[in-house]
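File shown: entry-v3.tsv. Contents: TSV, C-alpha atoms and all ligand atoms.
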chain	number	residue	atom	x	y	z
A	276	MET	CA	-19.46	12.91	48.98
A	277	ASP	CA	-17.54	11.73	52.02
A	278	ASN	CA	-15.53	14.53	53.67
A	279	ASN	CA	-12.23	12.81	53.17
A	280	LEU	CA	-12.95	12.09	49.50
A	281	GLU	CA	-13.98	15.71	48.98
A	282	LYS	CA	-10.68	16.88	50.44
A	283	ILE	CA	-8.77	14.64	48.07
A	284	GLN	CA	-10.81	15.90	45.11
A	285	VAL	CA	-10.00	19.51	46.07
A	286	GLN	CA	-6.33	18.59	46.49
A	287	LEU	CA	-6.33	17.02	43.02
A	288	GLN	CA	-7.47	20.34	41.51
A	289	LYS	CA	-4.52	22.05	43.24
A	290	ASP	CA	-2.11	19.38	41.97
A	291	ILE	CA	-3.18	19.75	38.39
A	292	ASP	CA	0.19	21.17	37.34
A	293	LEU	CA	2.32	18.45	38.96
A	294	PRO	CA	4.35	16.31	36.57
A	295	TYR	CA	3.07	12.83	35.69
A	296	ASP	CA	5.46	10.88	37.96
A	297	GLU	CA	4.75	13.01	41.03
A	298	LEU	CA	1.01	12.75	40.52
A	299	LYS	CA	1.29	8.99	40.16
A	300	THR	CA	3.23	8.68	43.42
A	301	LYS	CA	0.95	11.04	45.32
A	302	TYR	CA	-2.29	9.36	44.26
A	303	ILE	CA	-1.89	5.77	43.12
A	304	SER	CA	1.30	4.39	44.75
A	305	THR	CA	0.91	1.97	47.70
A	306	ASN	CA	0.49	4.88	50.10
A	307	GLY	CA	-1.14	7.18	47.57
A	308	LEU	CA	-4.17	9.26	48.54
A	309	LEU	CA	-6.52	7.39	46.23
A	310	THR	CA	-5.13	3.98	47.23
A	311	LEU	CA	-5.62	4.70	50.94
A	312	ALA	CA	-9.10	6.08	50.37
A	313	MET	CA	-10.01	2.86	48.53
A	314	LYS	CA	-8.68	0.73	51.39
A	315	ALA	CA	-10.67	2.80	53.87
A	316	ILE	CA	-13.95	1.46	52.52
A	317	ALA	CA	-13.56	-1.52	54.91
A	318	SER	CA	-14.01	0.81	57.89
A	319	ILE	CA	-17.03	2.69	56.48
A	320	PRO	CA	-20.39	1.79	58.13
A	321	ASN	CA	-22.50	-0.49	55.95
A	322	ASP	CA	-25.25	2.06	55.35
A	323	GLN	CA	-22.70	4.53	53.92
A	324	LYS	CA	-20.68	2.07	51.84
A	325	ALA	CA	-22.69	2.54	48.61
A	326	ALA	CA	-22.33	6.34	48.68
A	327	TYR	CA	-18.64	6.05	49.55
A	328	GLY	CA	-18.10	3.60	46.71
A	329	LYS	CA	-19.73	6.03	44.28
A	330	GLY	CA	-17.49	8.85	45.56
A	331	ILE	CA	-14.41	6.65	45.17
A	332	ASN	CA	-15.34	5.90	41.56
A	333	GLN	CA	-15.69	9.61	40.75
A	334	LEU	CA	-12.34	10.34	42.31
A	335	LYS	CA	-10.70	7.43	40.53
A	336	ASN	CA	-12.02	8.69	37.19
A	337	SER	CA	-10.67	12.18	37.86
A	338	VAL	CA	-7.23	10.83	38.80
A	339	THR	CA	-7.08	8.50	35.80
A	340	GLU	CA	-8.16	11.23	33.41
A	341	LEU	CA	-5.53	13.63	34.72
A	342	LEU	CA	-2.81	10.98	34.58
A	343	ASP	CA	-3.74	10.12	30.98
A	344	GLN	CA	-3.54	13.78	29.98
A	345	LYS	CA	-0.17	14.12	31.68
A	346	LYS	CA	1.21	11.01	30.04
A	347	ASN	CA	0.24	12.33	26.66
A	348	GLN	CA	1.70	15.75	27.39
A	349	SER	CA	4.95	14.29	28.67
A	350	LEU	CA	5.30	12.55	25.29
A	351	ILE	CA	4.45	15.67	23.38
A	352	TYR	CA	6.47	18.20	25.32
A	353	SER	CA	9.42	16.23	26.66
A	354	PRO	CA	12.58	18.24	25.88
A	355	ASN	CA	13.92	15.80	23.28
A	356	ASN	CA	10.65	15.16	21.65
A	357	ARG	CA	8.53	18.15	20.94
A	358	ILE	CA	5.68	16.78	18.90
A	359	ASP	CA	2.68	18.94	18.26
A	360	PRO	CA	-0.34	16.63	18.60
A	361	THR	CA	-2.20	18.62	15.97
A	362	ALA	CA	0.60	18.17	13.42
A	363	PRO	CA	-0.17	15.81	10.52
A	364	PHE	CA	0.48	12.14	11.26
A	365	ASP	CA	4.12	11.32	10.60
A	366	VAL	CA	4.80	7.63	9.97
A	367	ASN	CA	8.49	8.12	10.76
A	368	THR	CA	7.84	8.97	14.39
A	369	PRO	CA	8.95	6.06	16.60
A	370	LYS	CA	5.88	4.26	17.95
A	371	ASN	CA	6.54	5.07	21.61
A	372	ASP	CA	6.96	8.77	20.89
A	373	ARG	CA	3.63	9.21	19.15
A	374	PRO	CA	1.01	11.34	20.90
A	375	GLN	CA	-2.08	9.35	21.73
A	376	VAL	CA	-4.14	11.45	19.36
A	377	TRP	CA	-2.24	9.69	16.55
A	378	ASP	CA	-3.03	6.32	17.97
A	379	ILE	CA	-5.47	5.28	15.31
A	380	LYS	CA	-5.92	1.77	14.07
A	381	GLY	CA	-4.29	1.29	10.68
A	382	THR	CA	-5.65	-0.72	7.80
A	383	LYS	CA	-4.18	-1.77	4.50
A	384	HIS	CA	-4.47	0.67	1.63
A	385	PRO	CA	-6.95	-0.51	-1.02
A	386	LEU	CA	-4.15	-0.70	-3.59
A	387	HIS	CA	-2.13	-3.02	-1.38
A	388	LYS	CA	-5.15	-5.21	-0.82
A	389	GLU	CA	-5.58	-5.49	-4.59
A	390	VAL	CA	-1.86	-6.24	-5.13
A	391	GLU	CA	-2.18	-9.08	-2.62
A	392	LYS	CA	-5.24	-10.49	-4.43
A	393	LEU	CA	-3.46	-10.27	-7.79
A	394	VAL	CA	-0.35	-11.97	-6.47
A	395	GLU	CA	-2.44	-14.72	-4.89
A	396	ILE	CA	-4.17	-15.48	-8.21
A	397	PHE	CA	-0.83	-15.77	-10.00
A	398	GLN	CA	0.60	-17.94	-7.25
A	399	ARG	CA	-2.34	-20.32	-7.67
A	400	MET	CA	-1.47	-20.39	-11.39
A	401	GLY	CA	2.09	-21.49	-10.55
A	402	PHE	CA	3.92	-18.15	-10.76
A	403	ASP	CA	6.75	-17.06	-8.47
A	404	VAL	CA	6.88	-13.47	-7.19
A	405	MET	CA	9.78	-10.97	-7.25
A	406	GLU	CA	9.20	-7.39	-6.16
A	407	SER	CA	10.70	-4.71	-8.40
A	408	LYS	CA	13.23	-2.14	-7.24
A	409	GLN	CA	12.26	1.47	-6.59
A	410	MET	CA	15.52	2.71	-8.02
A	411	ASP	CA	17.41	1.05	-10.82
A	412	ASP	CA	20.13	1.55	-13.43
A	413	ASP	CA	20.22	2.27	-17.14
A	414	TYR	CA	21.04	-1.34	-18.01
A	415	HIS	CA	17.91	-2.78	-16.42
A	416	MET	CA	15.65	0.13	-17.42
A	417	PHE	CA	16.76	0.22	-21.07
A	418	GLU	CA	19.72	-1.73	-22.39
A	419	SER	CA	18.68	-5.19	-21.19
A	420	LEU	CA	15.27	-4.50	-22.75
A	421	ASN	CA	16.55	-3.84	-26.24
A	422	PHE	CA	16.71	-0.05	-26.00
A	423	PRO	CA	20.35	0.66	-26.92
A	424	VAL	CA	21.81	4.07	-26.04
A	425	GLY	CA	20.26	6.69	-28.32
A	426	HIS	CA	17.24	4.52	-29.24
A	427	PRO	CA	14.33	6.89	-29.91
A	428	ALA	CA	11.88	4.67	-27.97
A	429	ARG	CA	13.67	5.71	-24.76
A	430	ASP	CA	11.64	8.92	-25.07
A	431	MET	CA	8.45	6.94	-24.51
A	432	TYR	CA	9.53	6.52	-20.89
A	433	ASP	CA	10.30	9.98	-19.60
A	434	THR	CA	11.12	9.38	-15.95
A	435	PHE	CA	13.28	10.72	-13.16
A	436	TRP	CA	17.08	10.38	-12.93
A	437	THR	CA	19.35	10.99	-9.99
A	438	GLU	CA	22.51	13.05	-10.41
A	439	ASP	CA	24.63	9.91	-10.23
A	440	GLY	CA	22.80	8.19	-13.06
A	441	PHE	CA	20.18	6.05	-11.33
A	442	VAL	CA	16.64	5.97	-12.57
A	443	LEU	CA	13.24	5.66	-10.91
A	444	PRO	CA	11.81	2.78	-12.96
A	445	ALA	CA	9.18	3.81	-15.50
A	446	HIS	CA	7.99	0.19	-15.75
A	447	THR	CA	8.37	-3.10	-13.90
A	448	SER	CA	10.02	-4.55	-17.02
A	449	THR	CA	13.28	-3.47	-15.32
A	450	MET	CA	13.01	-6.82	-13.51
A	451	GLN	CA	12.75	-9.03	-16.60
A	452	ASN	CA	16.50	-9.46	-16.97
A	453	ARG	CA	16.89	-10.45	-13.31
A	454	ALA	CA	14.00	-12.88	-13.49
A	455	LEU	CA	15.43	-14.50	-16.63
A	456	LYS	CA	18.86	-14.88	-15.02
A	457	GLN	CA	17.51	-16.20	-11.75
A	458	SER	CA	16.67	-19.71	-12.93
A	459	ASN	CA	16.46	-21.99	-15.95
A	460	PRO	CA	13.24	-22.39	-17.94
A	461	PRO	CA	10.44	-23.01	-17.36
A	462	ILE	CA	10.32	-19.52	-15.81
A	463	ARG	CA	7.01	-18.20	-14.50
A	464	VAL	CA	7.34	-15.02	-12.48
A	465	VAL	CA	5.20	-12.00	-11.65
A	466	LEU	CA	7.00	-8.77	-10.79
A	467	PRO	CA	4.88	-6.24	-8.91
A	468	GLY	CA	6.29	-2.84	-8.03
A	469	ARG	CA	6.00	0.90	-7.99
A	470	VAL	CA	6.79	2.86	-11.13
A	471	PHE	CA	7.24	6.54	-11.91
A	472	ARG	CA	6.54	8.81	-14.87
A	473	HIS	CA	7.41	12.42	-15.49
A	474	GLU	CA	3.89	13.20	-16.44
A	475	ALA	CA	1.13	15.74	-15.83
A	476	THR	CA	-1.56	14.11	-13.71
A	477	ASP	CA	-5.23	13.87	-14.57
A	478	ALA	CA	-8.09	11.48	-13.82
A	479	SER	CA	-6.39	8.61	-15.62
A	480	HIS	CA	-2.67	9.48	-15.33
A	481	GLY	CA	-0.51	9.50	-12.22
A	482	HIS	CA	3.19	10.23	-11.80
A	483	THR	CA	3.47	7.23	-9.45
A	484	PHE	CA	1.58	3.98	-9.75
A	485	TYR	CA	1.88	0.24	-9.33
A	486	GLN	CA	2.53	-2.12	-12.18
A	487	MET	CA	2.63	-5.85	-12.35
A	488	GLU	CA	4.87	-7.45	-14.90
A	489	GLY	CA	4.76	-11.12	-15.71
A	490	ILE	CA	6.92	-13.42	-17.79
A	491	TYR	CA	6.52	-17.01	-18.89
A	492	VAL	CA	9.43	-18.70	-20.69
A	493	ASP	CA	9.65	-22.31	-21.81
A	494	LYS	CA	10.00	-24.43	-24.95
A	495	GLY	CA	7.23	-23.91	-27.50
A	496	ILE	CA	5.46	-20.96	-25.83
A	497	SER	CA	3.27	-19.00	-28.24
A	498	LEU	CA	0.86	-16.06	-28.40
A	499	ALA	CA	-1.99	-18.52	-27.82
A	500	ASN	CA	-0.49	-19.39	-24.41
A	501	MET	CA	-0.20	-15.69	-23.62
A	502	LYS	CA	-3.80	-14.99	-24.52
A	503	ALA	CA	-5.06	-17.93	-22.45
A	504	THR	CA	-2.89	-17.09	-19.41
A	505	ILE	CA	-3.88	-13.42	-19.24
A	506	LYS	CA	-7.55	-14.24	-19.89
A	507	THR	CA	-7.57	-16.85	-17.10
A	508	PHE	CA	-6.04	-14.39	-14.68
A	509	LEU	CA	-8.39	-11.52	-15.57
A	510	GLU	CA	-11.49	-13.69	-15.32
A	511	ALA	CA	-10.37	-14.85	-11.89
A	512	TYR	CA	-9.68	-11.31	-10.71
A	513	LEU	CA	-12.74	-9.59	-12.20
A	514	GLU	CA	-14.92	-12.62	-11.34
A	515	THR	CA	-16.67	-12.68	-14.69
A	516	ASP	CA	-16.36	-14.25	-18.13
A	517	LEU	CA	-14.63	-11.99	-20.63
A	518	GLU	CA	-14.16	-11.80	-24.35
A	519	VAL	CA	-10.58	-10.90	-25.16
A	520	ARG	CA	-8.64	-9.82	-28.20
A	521	ILE	CA	-5.13	-8.63	-28.93
A	522	GLN	CA	-4.26	-5.75	-31.20
A	523	PRO	CA	-0.90	-4.44	-32.45
A	524	SER	CA	1.16	-2.04	-30.36
A	525	PHE	CA	4.84	-1.15	-30.03
A	526	PHE	CA	7.42	-2.01	-27.40
A	527	PRO	CA	11.14	-2.52	-28.09
A	528	PHE	CA	11.29	-5.52	-25.75
A	529	THR	CA	8.61	-7.67	-27.36
A	530	GLU	CA	8.10	-9.05	-30.86
A	531	PRO	CA	5.29	-9.10	-31.82
A	532	ASP	CA	4.01	-6.32	-29.55
A	533	CYS	CA	0.39	-6.39	-28.50
A	534	GLU	CA	-2.23	-4.62	-26.53
A	535	PHE	CA	-4.59	-6.82	-24.56
A	536	VAL	CA	-8.23	-5.78	-24.86
A	537	ILE	CA	-11.17	-7.12	-22.88
A	538	SER	CA	-14.90	-6.83	-23.31
A	539	CYS	CA	-16.22	-4.31	-20.79
A	540	PRO	CA	-17.24	-6.24	-17.65
A	541	PHE	CA	-19.78	-3.55	-16.75
A	542	CYS	CA	-21.93	-3.14	-19.84
A	543	ASN	CA	-21.51	-6.38	-21.77
A	544	LYS	CA	-20.21	-4.43	-24.78
A	545	THR	CA	-23.20	-2.10	-25.00
A	546	GLY	CA	-21.05	0.90	-23.96
A	547	CYS	CA	-20.71	2.72	-20.64
A	548	SER	CA	-18.54	5.43	-19.08
A	549	THR	CA	-15.91	2.92	-17.86
A	550	CYS	CA	-15.19	1.68	-21.39
A	551	GLY	CA	-15.56	5.12	-23.01
A	552	HIS	CA	-18.78	3.83	-24.65
A	553	SER	CA	-16.79	1.50	-26.90
A	554	GLY	CA	-17.71	-1.75	-25.15
A	555	TRP	CA	-13.99	-2.68	-24.94
A	556	ILE	CA	-11.17	-1.77	-22.56
A	557	GLU	CA	-7.48	-1.66	-23.57
A	558	LEU	CA	-5.93	-3.08	-20.48
A	559	MET	CA	-2.25	-3.79	-20.87
A	560	GLY	CA	0.78	-4.12	-23.08
A	561	CYS	CA	2.08	-7.60	-23.80
A	562	GLY	CA	3.84	-9.66	-26.41
A	563	MET	CA	6.40	-12.34	-27.11
A	564	ILE	CA	9.70	-11.51	-25.40
A	565	HIS	CA	12.18	-10.14	-27.97
A	566	PRO	CA	15.05	-12.58	-28.76
A	567	ASN	CA	17.57	-9.88	-27.78
A	568	VAL	CA	15.97	-9.64	-24.32
A	569	LEU	CA	16.11	-13.42	-23.88
A	570	THR	CA	19.78	-13.42	-24.94
A	571	GLN	CA	20.58	-10.62	-22.46
A	572	GLY	CA	18.96	-12.78	-19.79
A	573	GLY	CA	21.12	-15.78	-20.67
A	574	ILE	CA	18.31	-17.69	-22.40
A	575	ASP	CA	18.87	-19.16	-25.87
A	576	PRO	CA	16.09	-17.82	-28.13
A	577	GLU	CA	16.71	-20.69	-30.58
A	578	ILE	CA	15.47	-23.12	-27.92
A	579	TYR	CA	13.10	-21.12	-25.76
A	580	SER	CA	10.38	-18.58	-26.27
A	581	GLY	CA	8.22	-16.67	-23.86
A	582	PHE	CA	5.73	-13.90	-23.36
A	583	ALA	CA	5.56	-10.92	-21.06
A	584	TRP	CA	2.91	-8.45	-19.98
A	585	GLY	CA	2.68	-5.39	-17.78
A	586	PHE	CA	-0.46	-3.80	-16.46
A	587	GLY	CA	-1.19	-0.88	-14.16
A	588	VAL	CA	-2.48	-2.13	-10.83
A	589	ASP	CA	-4.10	1.25	-10.15
A	590	ARG	CA	-6.03	1.07	-13.40
A	591	LEU	CA	-7.21	-2.47	-12.78
A	592	THR	CA	-8.17	-1.50	-9.21
A	593	MET	CA	-10.16	1.43	-10.58
A	594	ILE	CA	-12.06	-0.90	-12.89
A	595	LYS	CA	-12.67	-3.47	-10.18
A	596	LEU	CA	-13.76	-0.96	-7.51
A	597	ALA	CA	-15.47	1.47	-9.93
A	598	ILE	CA	-13.22	4.44	-9.02
A	599	ASN	CA	-13.25	7.14	-11.66
A	600	ASP	CA	-10.15	9.18	-10.79
A	601	ILE	CA	-6.70	7.64	-10.29
A	602	ARG	CA	-5.67	10.55	-8.03
A	603	TYR	CA	-8.14	9.45	-5.34
A	604	LEU	CA	-5.92	6.43	-4.70
A	605	ARG	CA	-3.05	8.66	-3.56
A	606	ASP	CA	-4.87	11.58	-1.96
A	607	SER	CA	-4.72	10.11	1.57
A	608	ASN	CA	-8.35	11.12	2.02
A	609	LEU	CA	-9.42	8.77	4.81
A	610	ASN	CA	-13.13	9.23	4.06
A	611	PHE	CA	-12.50	7.91	0.57
A	612	LEU	CA	-10.08	5.14	1.54
A	613	ARG	CA	-12.28	3.80	4.35
A	614	GLN	CA	-14.96	2.85	1.82
A	615	PHE	CA	-12.80	-0.07	0.77
B	701	ZN	ZN	-18.66	-0.60	-20.66
How does this structure look as structure tokens?
Amino acid sequence: MDNNLEKIQVQLQKDIDLPYDELKTKYISTNGLLTLAMKAIASIPNDQKAAYGKGINQLKNSVTELLDQKKNQSLIYSPNNRIDPTAPFDVNTPKNDRPQVWDIKGTKHPLHKEVEKLVEIFQRMGFDVMESKQMDDDYHMFESLNFPVGHPARDMYDTFWTEDGFVLPAHTSTMQNRALKQSNPPIRVVLPGRVFRHEATDASHGHTFYQMEGIYVDKGISLANMKATIKTFLEAYLETDLEVRIQPSFFPFTEPDCEFVISCPFCNKTGCSTCGHSGWIELMGCGMIHPNVLTQGGIDPEIYSGFAWGFGVDRLTMIKLAINDIRYLRDSNLNFLRQF
């Protein structure tokens, strides 16, 4: 290496503890050591230019590397902002304060991708979209849905309450009343959102998951319309023909109350682990909206009728992506999530 370049390289080792700004001025400002050395190439004899150029590149790499390290450290250790770069990634950290080691490219979570696909299918079918609230009140969680105070069915939805009487919604049905009041029939709305249950978790139960509610209200709507609408949607989403059936269930806010069952898309009803070897999968609750719920929403049940459904997005995602444990979806295990 050229003598001059060697001197600068040695100097750089001595300057290793200088702060970022001082280093920048000393090496890469207009009169910086590296800048001047680069300009000097014009005066180097032709037969030495190639070697000099190589030396300059090495020096430049050393300077850049040191400056990058310093920049990162100044973010991590600046007095107001002591962030340990090995600490777990914290989404609340302002973007400019994040250490570079956190600077990873983000992607959408598989659940969000599925929610978007689901919403898109319903939009093509003419449905509007309203996102549900992550905290709600007793009226929307229970009363507007035909669970008066003291109704025993309230126990079916053991969820979390705040000290001042708000509730983390146990279902997206909390939005039905708002959707009914928002416009006059015909009303076609899907209501995706996050819901919460006070529940022990296992492979098929989570305390937090996504649901997607839907309602369709107009004159002369019947169970046959419900069956056809949900079947059309599921066939579009699962990209296969399905046999469907409805069987009795119980919800205070529908009458009659049904469970929507589909033929297993994986085994063609011969039985597999996804369908519990029954050939059928119980997929969601649904039914005709109870007249009391319509009345609470300002809709005259003498004139209009409608149906509603609610399914777990996590569960549907598990079926679609062949995931066998609901907890994987919330474990933040990047190796798992990156598969999708
Ligand atoms: Zn099956």
*asked:* Could you list, as a PyMOL selection string, every residue within 9 Å of Met405 in chain A, counting only C-alpha atoms and ignoring same-chain residues fewer than 5 positions away?
replied: chain A and resi 450+454+464-468
Write the residues of the preceding selection, restricted to C-alpha atoms, as a PDB file, keeping the file's coordinate frame.
ATOM      1  CA  MET A 450      13.010  -6.820 -13.510  1.00  0.00           C
ATOM      2  CA  ALA A 454      14.000 -12.880 -13.490  1.00  0.00           C
ATOM      3  CA  VAL A 464       7.340 -15.020 -12.480  1.00  0.00           C
ATOM      4  CA  VAL A 465       5.200 -12.000 -11.650  1.00  0.00           C
ATOM      5  CA  LEU A 466       7.000  -8.770 -10.790  1.00  0.00           C
ATOM      6  CA  PRO A 467       4.880  -6.240  -8.910  1.00  0.00           C
ATOM      7  CA  GLY A 468       6.290  -2.840  -8.030  1.00  0.00           C
TER       8      GLY A 468
END
I'd like a table as JSON lines: residues in chain A with an atom no more than 9 Å from ligand ZN 701 (chain B), each row giving the shortest atom pair and its distance in Å to one decimal, all atoms listed in the file counted, sorted by chain and rising residue number.
{"residue": "A:Ser538", "atom": "CA", "partner": "B:ZN701", "partner_atom": "ZN", "distance": 7.7}
{"residue": "A:Cys539", "atom": "CA", "partner": "B:ZN701", "partner_atom": "ZN", "distance": 4.4}
{"residue": "A:Pro540", "atom": "CA", "partner": "B:ZN701", "partner_atom": "ZN", "distance": 6.5}
{"residue": "A:Phe541", "atom": "CA", "partner": "B:ZN701", "partner_atom": "ZN", "distance": 5.0}
{"residue": "A:Cys542", "atom": "CA", "partner": "B:ZN701", "partner_atom": "ZN", "distance": 4.2}
{"residue": "A:Asn543", "atom": "CA", "partner": "B:ZN701", "partner_atom": "ZN", "distance": 6.5}
{"residue": "A:Lys544", "atom": "CA", "partner": "B:ZN701", "partner_atom": "ZN", "distance": 5.8}
{"residue": "A:Thr545", "atom": "CA", "partner": "B:ZN701", "partner_atom": "ZN", "distance": 6.5}
{"residue": "A:Gly546", "atom": "CA", "partner": "B:ZN701", "partner_atom": "ZN", "distance": 4.3}
{"residue": "A:Cys547", "atom": "CA", "partner": "B:ZN701", "partner_atom": "ZN", "distance": 3.9}
{"residue": "A:Ser548", "atom": "CA", "partner": "B:ZN701", "partner_atom": "ZN", "distance": 6.2}
{"residue": "A:Thr549", "atom": "CA", "partner": "B:ZN701", "partner_atom": "ZN", "distance": 5.3}
{"residue": "A:Cys550", "atom": "CA", "partner": "B:ZN701", "partner_atom": "ZN", "distance": 4.2}
{"residue": "A:Gly551", "atom": "CA", "partner": "B:ZN701", "partner_atom": "ZN", "distance": 6.9}
{"residue": "A:His552", "atom": "CA", "partner": "B:ZN701", "partner_atom": "ZN", "distance": 6.0}
{"residue": "A:Ser553", "atom": "CA", "partner": "B:ZN701", "partner_atom": "ZN", "distance": 6.8}
{"residue": "A:Gly554", "atom": "CA", "partner": "B:ZN701", "partner_atom": "ZN", "distance": 4.7}
{"residue": "A:Trp555", "atom": "CA", "partner": "B:ZN701", "partner_atom": "ZN", "distance": 6.7}
{"residue": "A:Ile556", "atom": "CA", "partner": "B:ZN701", "partner_atom": "ZN", "distance": 7.8}
At a cut-off of 7 Å, using only C-alpha atoms, what residues contact Ala478 in chain A? Leave out same-chain residues fewer than 5 positions from it and give the result as a PDB file with C-alpha atoms, in the frame of the given file.
ATOM      1  CA  ASP A 600     -10.150   9.180 -10.790  1.00  0.00           C
ATOM      2  CA  ILE A 601      -6.700   7.640 -10.290  1.00  0.00           C
ATOM      3  CA  ARG A 602      -5.670  10.550  -8.030  1.00  0.00           C
TER       4      ARG A 602
END
_Contacts of Phe397 in chain A at 12 Å (all atoms listed in the file; same-chain gap of 5+ positions) as an MDAnalysis selection string_ = chainID A and resid 390:392 402:405 463:467 487:491 504:505 507:509 511:512
_Could you list, as a PyMOL selection string, every residue within 9 Å of Phe528 in chain A, counting all atoms listed in the file and ignoring same-chain residues fewer than 5 positions away?_
chain A and resi 419-422+448+562-568
Can you write just those residues out, C-alpha atoms, as a PDB file, in the frame of the given file?
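As written to disk, part_26.pdb reads:
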ATOM      1  CA  SER A 419      18.680  -5.190 -21.190  1.00  0.00           C
ATOM      2  CA  LEU A 420      15.270  -4.500 -22.750  1.00  0.00           C
ATOM      3  CA  ASN A 421      16.550  -3.840 -26.240  1.00  0.00           C
ATOM      4  CA  PHE A 422      16.710  -0.050 -26.000  1.00  0.00           C
ATOM      5  CA  SER A 448      10.020  -4.550 -17.020  1.00  0.00           C
ATOM      6  CA  GLY A 562       3.840  -9.660 -26.410  1.00  0.00           C
ATOM      7  CA  MET A 563       6.400 -12.340 -27.110  1.00  0.00           C
ATOM      8  CA  ILE A 564       9.700 -11.510 -25.400  1.00  0.00           C
ATOM      9  CA  HIS A 565      12.180 -10.140 -27.970  1.00  0.00           C
ATOM     10  CA  PRO A 566      15.050 -12.580 -28.760  1.00  0.00           C
ATOM     11  CA  ASN A 567      17.570  -9.880 -27.780  1.00  0.00           C
ATOM     12  CA  VAL A 568      15.970  -9.640 -24.320  1.00  0.00           C
TER      13      VAL A 568
END
*Which distance in Å separates CA of Arg520 in chain A and CA of Phe535 in chain A, to one decimal?*
6.2 Å
*Within 12 Å of Lys299 in chain A, counting only C-alpha atoms, which residues show up once you throw out same-chain ones fewer than 2 positions away? Write them as a list in words, please.*
Leu287, Asp290, Ile291, Leu293, Pro294, Tyr295, Asp296, Glu297, Lys301, Tyr302, Ile303, Ser304, Thr305, Asn306, Gly307, Leu308, Leu309, Thr310, Val338, Thr339, Glu340, Leu341, Leu342, Asp343, Lys345 and Lys346 of chain A
_Quick check, in Å to one decimal: how far apart do CA of His480 in chain A and CA of Val394 in chain A lie?_
23.3 Å
*What is the distance, in Å and to one decimal place, between CA of Cys533 in chain A and CA of Met559 in chain A?*
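A separation of 8.5 Å between them.
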Might I get the box with edges along x, y and z of the file that holds all atoms of range 441-460 of chain A listed there, padded by 8 Å on every side, given as centre and edge lengths in Å to one decimal, as JSON?
{"center_x": 14.1, "center_y": -8.2, "center_z": -14.4, "size_x": 28.2, "size_y": 44.4, "size_z": 23.0}
Give me the range 550-595 of chain A side of the contact with range 494-503 of chain A, cut-off 9 Å, one line per residue showing its nearest atom pair and distance in Å at one decimal, counting all atoms listed in the file, sorted by chain and residue number, as a Markdown table.
| residue | atom | partner | partner_atom | distance |
| --- | --- | --- | --- | --- |
| A:Cys561 | CA | A:Met501 | CA | 8.4 |
| A:Gly562 | CA | A:Leu498 | CA | 7.3 |
| A:Met563 | CA | A:Leu498 | CA | 6.8 |
| A:Ile578 | CA | A:Lys494 | CA | 6.4 |
| A:Tyr579 | CA | A:Lys494 | CA | 4.6 |
| A:Ser580 | CA | A:Ile496 | CA | 5.5 |
| A:Gly581 | CA | A:Ile496 | CA | 5.5 |
| A:Phe582 | CA | A:Met501 | CA | 6.2 |
| A:Ala583 | CA | A:Met501 | CA | 7.9 |
| A:Trp584 | CA | A:Met501 | CA | 8.7 |
